[in-house]
Amino acid sequence: MKPAPFDYVVAASPREAVQYLADVEDASAKIIAGGQSLMPLLALRLARPSLLVDINRIPGLETIERISETTIRIGTLVRHRMLCAQTNSPLLHEAARWIGHSAIRTRGTIGGSLAHADPAAELPIVAVAAGMVIEVMGPSTQRTVDAQDFFIGTLENSLADDEMIVSVISPLPERWGFAEYARRHGDFGLVTVAAAEVQGEVKIAVGGVGSKPVRMLESEGLVNDSVTLSGQLIDQAARAAAASVEPNGDFHGSARYRIGLVEELVRRSLRQLGSGQADSEVDWS
């Protein structure tokens, strides 16, 4: 199929982009950057915006900068391949290399992935686990939103119709773990787990088991209340995570299968967090 008719403009600044959004009376204008999520929706006519606002030529939005010893700012136009190449955050590097295929990683952006709010996508899960803060601009205001509060439901976020993501503030975890299972590399994960320790507190987020990334609060409590991350404690936290989720089954896997994946992937992510080794280097036997 082909997209429904729409107008197209190129914004020269974030302020101009959000003003374009605000000026559309039917509130159906959309931001386009990498287009990896939006273009398929347009082609299937599942989205019918009256205006597309292209932000690709706005300067300064495709940079990663260190703003403190423990924090980086990531522009909304930073491509997934740039996240793979950067060395500030090994967790973001690891998660980004699981995203799609090379063509998708070359075009897709961090802002687009977060705004799309797919509950199985890697970057929203990492954003919640790492405690990222999303910087948002509207025509007359700027605000910040904790990643935990940004995602509302499946493909739903807390952006107003005339707002856009400008950048993401990402803490740099002291320790981290990431585990994903997909039928084929590049597919969305059936279950994805990210664990991150920031300022001495471990957070665990799971994707693929709900309408948005889900925090494993009981598992986090077990880990944070203990001095050492023993194998017994990891197993206990993994079982607690599996007991806390109620995923829906589909043709990719039953609910019981996904619950089993949650237990195993939480176990793997915590082992990685405890060992400091990449997933491929850990002996799971």
# chains A, B, ... in the order shown; residues from 1 in each chain; ligands from 1
$ residues_around --residues "Leu155 of chain A" --least-positions-apart "3" --cutoff "9 Å" --atoms "only C-alpha atoms" --output "list in words"
Ala115, His116, Ala117, Asp118, Pro119, Phe151, Ile152, Ser211 and Lys212 of chain A
$ closest_residue --among "A:Arg175, A:Arg15, A:Gly60, A:Tyr20" --to "Val136 of chain A" --atoms "only C-alpha atoms"
A:Arg15
$ closest_atom_pairs --of "segment 134-253 of chain A" --to "segment 93-101 of chain A" --cutoff "9 Å" --atoms "only C-alpha atoms" --output "CSV"
residue,atom,partner,partner_atom,distance
A:Phe178,CA,A:Ala95,CA,7.0
A:Ala179,CA,A:Ala95,CA,8.7
A:Glu180,CA,A:Trp98,CA,8.2
A:His185,CA,A:Trp98,CA,7.0
A:Gly186,CA,A:Gly100,CA,3.8
A:Asp187,CA,A:Gly100,CA,6.1
A:Phe188,CA,A:Gly100,CA,7.5
A:Gly189,CA,A:Trp98,CA,8.9
A:Ala194,CA,A:Ala95,CA,8.6
$ closest_atom_pairs --of "segment 167-279 of chain A" --to "segment 66-85 of chain A" --cutoff "12 Å" --atoms "only C-alpha atoms" --output "tab-separated table"
residue	atom	partner	partner_atom	distance
A:Ser167	CA	A:Gly75	CA	4.3
A:Val168	CA	A:Ile74	CA	5.1
A:Ile169	CA	A:Arg73	CA	4.6
A:Ser170	CA	A:Ile72	CA	5.3
A:Pro171	CA	A:Thr71	CA	4.4
A:Leu172	CA	A:Thr70	CA	5.2
A:Pro173	CA	A:Thr70	CA	7.8
A:Glu174	CA	A:Thr70	CA	8.8
A:Glu197	CA	A:Thr70	CA	11.9
A:Val198	CA	A:Thr70	CA	9.0
A:Gln199	CA	A:Thr70	CA	9.3
$ select_by_dssp --residues "segment 24-215 of chain A" --states "helix (DSSP H, G or I)" --output "ChimeraX atom specification"
/A:38-43,80-85,90-96,102-107,110-116,122-130,147-150
$ residues_around --residues "segment 232-245 of chain A" --least-positions-apart "3" --cutoff "7 Å" --atoms "only C-alpha atoms" --output "list in words"
Val209, Met216, Glu218, Ser219, Leu222, Leu229, Ile259, Gly260, Val262, Glu263, Glu264, Val266, Arg267 and Leu270 of chain A
$ write_last_selection --atoms "N, CA and C atoms" --output "PDB file, in the first residue's frame"
ATOM      1  N   VAL A 209       6.513  -8.500  28.349  1.00  0.00           N
ATOM      2  CA  VAL A 209       5.576  -9.159  29.271  1.00  0.00           C
ATOM      3  C   VAL A 209       4.428  -8.234  29.686  1.00  0.00           C
ATOM      4  N   MET A 216      10.969  -4.982  37.994  1.00  0.00           N
ATOM      5  CA  MET A 216      10.904  -6.158  38.860  1.00  0.00           C
ATOM      6  C   MET A 216      11.219  -5.719  40.297  1.00  0.00           C
ATOM      7  N   GLU A 218      10.238  -6.616  43.390  1.00  0.00           N
ATOM      8  CA  GLU A 218      10.604  -7.584  44.423  1.00  0.00           C
ATOM      9  C   GLU A 218      12.030  -8.089  44.209  1.00  0.00           C
ATOM     10  N   SER A 219      12.378  -8.357  42.962  1.00  0.00           N
ATOM     11  CA  SER A 219      13.736  -8.812  42.656  1.00  0.00           C
ATOM     12  C   SER A 219      14.755  -7.726  42.988  1.00  0.00           C
ATOM     13  N   LEU A 222      15.387  -7.671  46.728  1.00  0.00           N
ATOM     14  CA  LEU A 222      16.254  -8.756  47.174  1.00  0.00           C
ATOM     15  C   LEU A 222      17.722  -8.436  46.904  1.00  0.00           C
ATOM     16  N   LEU A 229      26.175 -10.474  45.751  1.00  0.00           N
ATOM     17  CA  LEU A 229      25.269 -11.016  44.737  1.00  0.00           C
ATOM     18  C   LEU A 229      25.654 -12.476  44.487  1.00  0.00           C
ATOM     19  N   ILE A 259       7.110 -16.676  30.800  1.00  0.00           N
ATOM     20  CA  ILE A 259       7.455 -16.643  32.219  1.00  0.00           C
ATOM     21  C   ILE A 259       8.778 -17.375  32.451  1.00  0.00           C
ATOM     22  N   GLY A 260       8.947 -18.502  31.780  1.00  0.00           N
ATOM     23  CA  GLY A 260      10.215 -19.216  31.874  1.00  0.00           C
ATOM     24  C   GLY A 260      11.380 -18.397  31.352  1.00  0.00           C
ATOM     25  N   VAL A 262      11.530 -15.114  31.366  1.00  0.00           N
ATOM     26  CA  VAL A 262      11.796 -14.059  32.353  1.00  0.00           C
ATOM     27  C   VAL A 262      12.744 -14.576  33.424  1.00  0.00           C
ATOM     28  N   GLU A 263      12.456 -15.754  33.954  1.00  0.00           N
ATOM     29  CA  GLU A 263      13.318 -16.303  35.012  1.00  0.00           C
ATOM     30  C   GLU A 263      14.749 -16.482  34.517  1.00  0.00           C
ATOM     31  N   GLU A 264      14.893 -17.076  33.353  1.00  0.00           N
ATOM     32  CA  GLU A 264      16.243 -17.347  32.853  1.00  0.00           C
ATOM     33  C   GLU A 264      16.985 -16.063  32.478  1.00  0.00           C
ATOM     34  N   VAL A 266      16.440 -12.918  33.573  1.00  0.00           N
ATOM     35  CA  VAL A 266      16.786 -12.151  34.774  1.00  0.00           C
ATOM     36  C   VAL A 266      18.010 -12.771  35.434  1.00  0.00           C
ATOM     37  N   ARG A 267      18.046 -14.098  35.478  1.00  0.00           N
ATOM     38  CA  ARG A 267      19.216 -14.782  36.035  1.00  0.00           C
ATOM     39  C   ARG A 267      20.480 -14.408  35.251  1.00  0.00           C
ATOM     40  N   LEU A 270      21.568 -10.687  35.822  1.00  0.00           N
ATOM     41  CA  LEU A 270      22.169 -10.457  37.136  1.00  0.00           C
ATOM     42  C   LEU A 270      23.534 -11.114  37.250  1.00  0.00           C
TER      43      LEU A 270
END
$ select_by_dssp --residues "segment 90-198 of chain A" --states "strand (DSSP E)" --output "ChimeraX atom specification"
/A:133-137,142-146,151-153,156-157,164-171,175-181,191-198
$ closest_residue --among "A:Glu122, A:Glu16, A:Glu62, A:Asp23" --to "Thr192 of chain A" --atoms "only C-alpha atoms"
A:Glu122
$ residues_around --residues "Leu190 of chain A" --least-positions-apart "3" --cutoff "9 Å" --atoms "only C-alpha atoms" --output "PyMOL selection string"
chain A and resi 120+180-183+187+207-209+252-253+258+261
$ closest_residue --among "A:Arg215, A:Arg57, A:Arg271, A:Arg48" --to "Ala12 of chain A" --atoms "only C-alpha atoms"
A:Arg57
$ atom_distance --atom1 "atom CA of Glu163 of chain A" --atom2 "atom CA of Leu92 of chain A"
24.9 Å
$ atom_distance --atom1 "atom CA of Pro90 of chain A" --atom2 "atom CA of Val133 of chain A"
18.0 Å
$ decode --residues "segment 186-213 of chain A" --atoms "N, CA and C atoms" --output "PDB file, in the first residue's frame"
ATOM      1  N   GLY A 186      17.772  -9.716  15.453  1.00  0.00           N
ATOM      2  CA  GLY A 186      17.169  -8.633  14.683  1.00  0.00           C
ATOM      3  C   GLY A 186      15.674  -8.551  14.867  1.00  0.00           C
ATOM      4  N   ASP A 187      15.029  -9.665  15.252  1.00  0.00           N
ATOM      5  CA  ASP A 187      13.610  -9.617  15.586  1.00  0.00           C
ATOM      6  C   ASP A 187      13.437  -8.957  16.957  1.00  0.00           C
ATOM      7  N   PHE A 188      12.210  -8.466  17.215  1.00  0.00           N
ATOM      8  CA  PHE A 188      11.929  -7.999  18.567  1.00  0.00           C
ATOM      9  C   PHE A 188      12.056  -9.173  19.529  1.00  0.00           C
ATOM     10  N   GLY A 189      12.602  -8.901  20.704  1.00  0.00           N
ATOM     11  CA  GLY A 189      12.773  -9.953  21.679  1.00  0.00           C
ATOM     12  C   GLY A 189      11.441 -10.449  22.220  1.00  0.00           C
ATOM     13  N   LEU A 190      11.326 -11.763  22.382  1.00  0.00           N
ATOM     14  CA  LEU A 190      10.160 -12.294  23.088  1.00  0.00           C
ATOM     15  C   LEU A 190      10.164 -11.795  24.526  1.00  0.00           C
ATOM     16  N   VAL A 191      11.344 -11.820  25.126  1.00  0.00           N
ATOM     17  CA  VAL A 191      11.557 -11.224  26.447  1.00  0.00           C
ATOM     18  C   VAL A 191      12.937 -10.574  26.430  1.00  0.00           C
ATOM     19  N   THR A 192      13.030  -9.391  26.995  1.00  0.00           N
ATOM     20  CA  THR A 192      14.302  -8.686  27.112  1.00  0.00           C
ATOM     21  C   THR A 192      14.437  -8.170  28.534  1.00  0.00           C
ATOM     22  N   VAL A 193      15.632  -8.287  29.101  1.00  0.00           N
ATOM     23  CA  VAL A 193      15.872  -7.855  30.476  1.00  0.00           C
ATOM     24  C   VAL A 193      17.097  -6.948  30.512  1.00  0.00           C
ATOM     25  N   ALA A 194      16.969  -5.824  31.197  1.00  0.00           N
ATOM     26  CA  ALA A 194      18.107  -4.947  31.462  1.00  0.00           C
ATOM     27  C   ALA A 194      18.199  -4.717  32.964  1.00  0.00           C
ATOM     28  N   ALA A 195      19.398  -4.852  33.493  1.00  0.00           N
ATOM     29  CA  ALA A 195      19.659  -4.567  34.907  1.00  0.00           C
ATOM     30  C   ALA A 195      20.770  -3.528  34.975  1.00  0.00           C
ATOM     31  N   ALA A 196      20.598  -2.532  35.835  1.00  0.00           N
ATOM     32  CA  ALA A 196      21.603  -1.474  35.929  1.00  0.00           C
ATOM     33  C   ALA A 196      21.738  -1.018  37.367  1.00  0.00           C
ATOM     34  N   GLU A 197      22.982  -0.845  37.792  1.00  0.00           N
ATOM     35  CA  GLU A 197      23.251  -0.287  39.114  1.00  0.00           C
ATOM     36  C   GLU A 197      23.700   1.158  38.944  1.00  0.00           C
ATOM     37  N   VAL A 198      22.917   2.080  39.472  1.00  0.00           N
ATOM     38  CA  VAL A 198      23.216   3.510  39.407  1.00  0.00           C
ATOM     39  C   VAL A 198      23.208   4.054  40.829  1.00  0.00           C
ATOM     40  N   GLN A 199      24.328   4.653  41.231  1.00  0.00           N
ATOM     41  CA  GLN A 199      24.487   5.196  42.582  1.00  0.00           C
ATOM     42  C   GLN A 199      24.165   4.145  43.637  1.00  0.00           C
ATOM     43  N   GLY A 200      24.640   2.936  43.393  1.00  0.00           N
ATOM     44  CA  GLY A 200      24.505   1.876  44.373  1.00  0.00           C
ATOM     45  C   GLY A 200      23.165   1.179  44.405  1.00  0.00           C
ATOM     46  N   GLU A 201      22.219   1.563  43.543  1.00  0.00           N
ATOM     47  CA  GLU A 201      20.901   0.937  43.520  1.00  0.00           C
ATOM     48  C   GLU A 201      20.696   0.194  42.205  1.00  0.00           C
ATOM     49  N   VAL A 202      20.293  -1.055  42.294  1.00  0.00           N
ATOM     50  CA  VAL A 202      20.046  -1.874  41.113  1.00  0.00           C
ATOM     51  C   VAL A 202      18.576  -1.797  40.724  1.00  0.00           C
ATOM     52  N   LYS A 203      18.339  -1.540  39.438  1.00  0.00           N
ATOM     53  CA  LYS A 203      16.992  -1.598  38.884  1.00  0.00           C
ATOM     54  C   LYS A 203      16.972  -2.659  37.785  1.00  0.00           C
ATOM     55  N   ILE A 204      15.854  -3.359  37.688  1.00  0.00           N
ATOM     56  CA  ILE A 204      15.690  -4.410  36.684  1.00  0.00           C
ATOM     57  C   ILE A 204      14.413  -4.132  35.912  1.00  0.00           C
ATOM     58  N   ALA A 205      14.507  -4.034  34.594  1.00  0.00           N
ATOM     59  CA  ALA A 205      13.337  -3.802  33.744  1.00  0.00           C
ATOM     60  C   ALA A 205      13.214  -4.938  32.745  1.00  0.00           C
ATOM     61  N   VAL A 206      11.972  -5.360  32.520  1.00  0.00           N
ATOM     62  CA  VAL A 206      11.694  -6.474  31.615  1.00  0.00           C
ATOM     63  C   VAL A 206      10.732  -6.006  30.535  1.00  0.00           C
ATOM     64  N   GLY A 207      11.014  -6.364  29.298  1.00  0.00           N
ATOM     65  CA  GLY A 207      10.136  -6.059  28.177  1.00  0.00           C
ATOM     66  C   GLY A 207       9.577  -7.329  27.568  1.00  0.00           C
ATOM     67  N   GLY A 208       8.414  -7.187  26.919  1.00  0.00           N
ATOM     68  CA  GLY A 208       7.791  -8.328  26.276  1.00  0.00           C
ATOM     69  C   GLY A 208       6.772  -9.039  27.150  1.00  0.00           C
ATOM     70  N   VAL A 209       6.513  -8.500  28.349  1.00  0.00           N
ATOM     71  CA  VAL A 209       5.576  -9.159  29.271  1.00  0.00           C
ATOM     72  C   VAL A 209       4.428  -8.234  29.686  1.00  0.00           C
ATOM     73  N   GLY A 210       4.334  -7.073  29.075  1.00  0.00           N
ATOM     74  CA  GLY A 210       3.285  -6.125  29.420  1.00  0.00           C
ATOM     75  C   GLY A 210       3.185  -5.055  28.366  1.00  0.00           C
ATOM     76  N   SER A 211       2.384  -4.034  28.644  1.00  0.00           N
ATOM     77  CA  SER A 211       2.161  -2.962  27.676  1.00  0.00           C
ATOM     78  C   SER A 211       3.267  -1.910  27.693  1.00  0.00           C
ATOM     79  N   LYS A 212       4.207  -2.032  28.627  1.00  0.00           N
ATOM     80  CA  LYS A 212       5.367  -1.146  28.710  1.00  0.00           C
ATOM     81  C   LYS A 212       6.440  -1.875  29.500  1.00  0.00           C
ATOM     82  N   PRO A 213       7.668  -1.367  29.529  1.00  0.00           N
ATOM     83  CA  PRO A 213       8.697  -2.016  30.333  1.00  0.00           C
ATOM     84  C   PRO A 213       8.263  -2.120  31.793  1.00  0.00           C
TER      85      PRO A 213
END
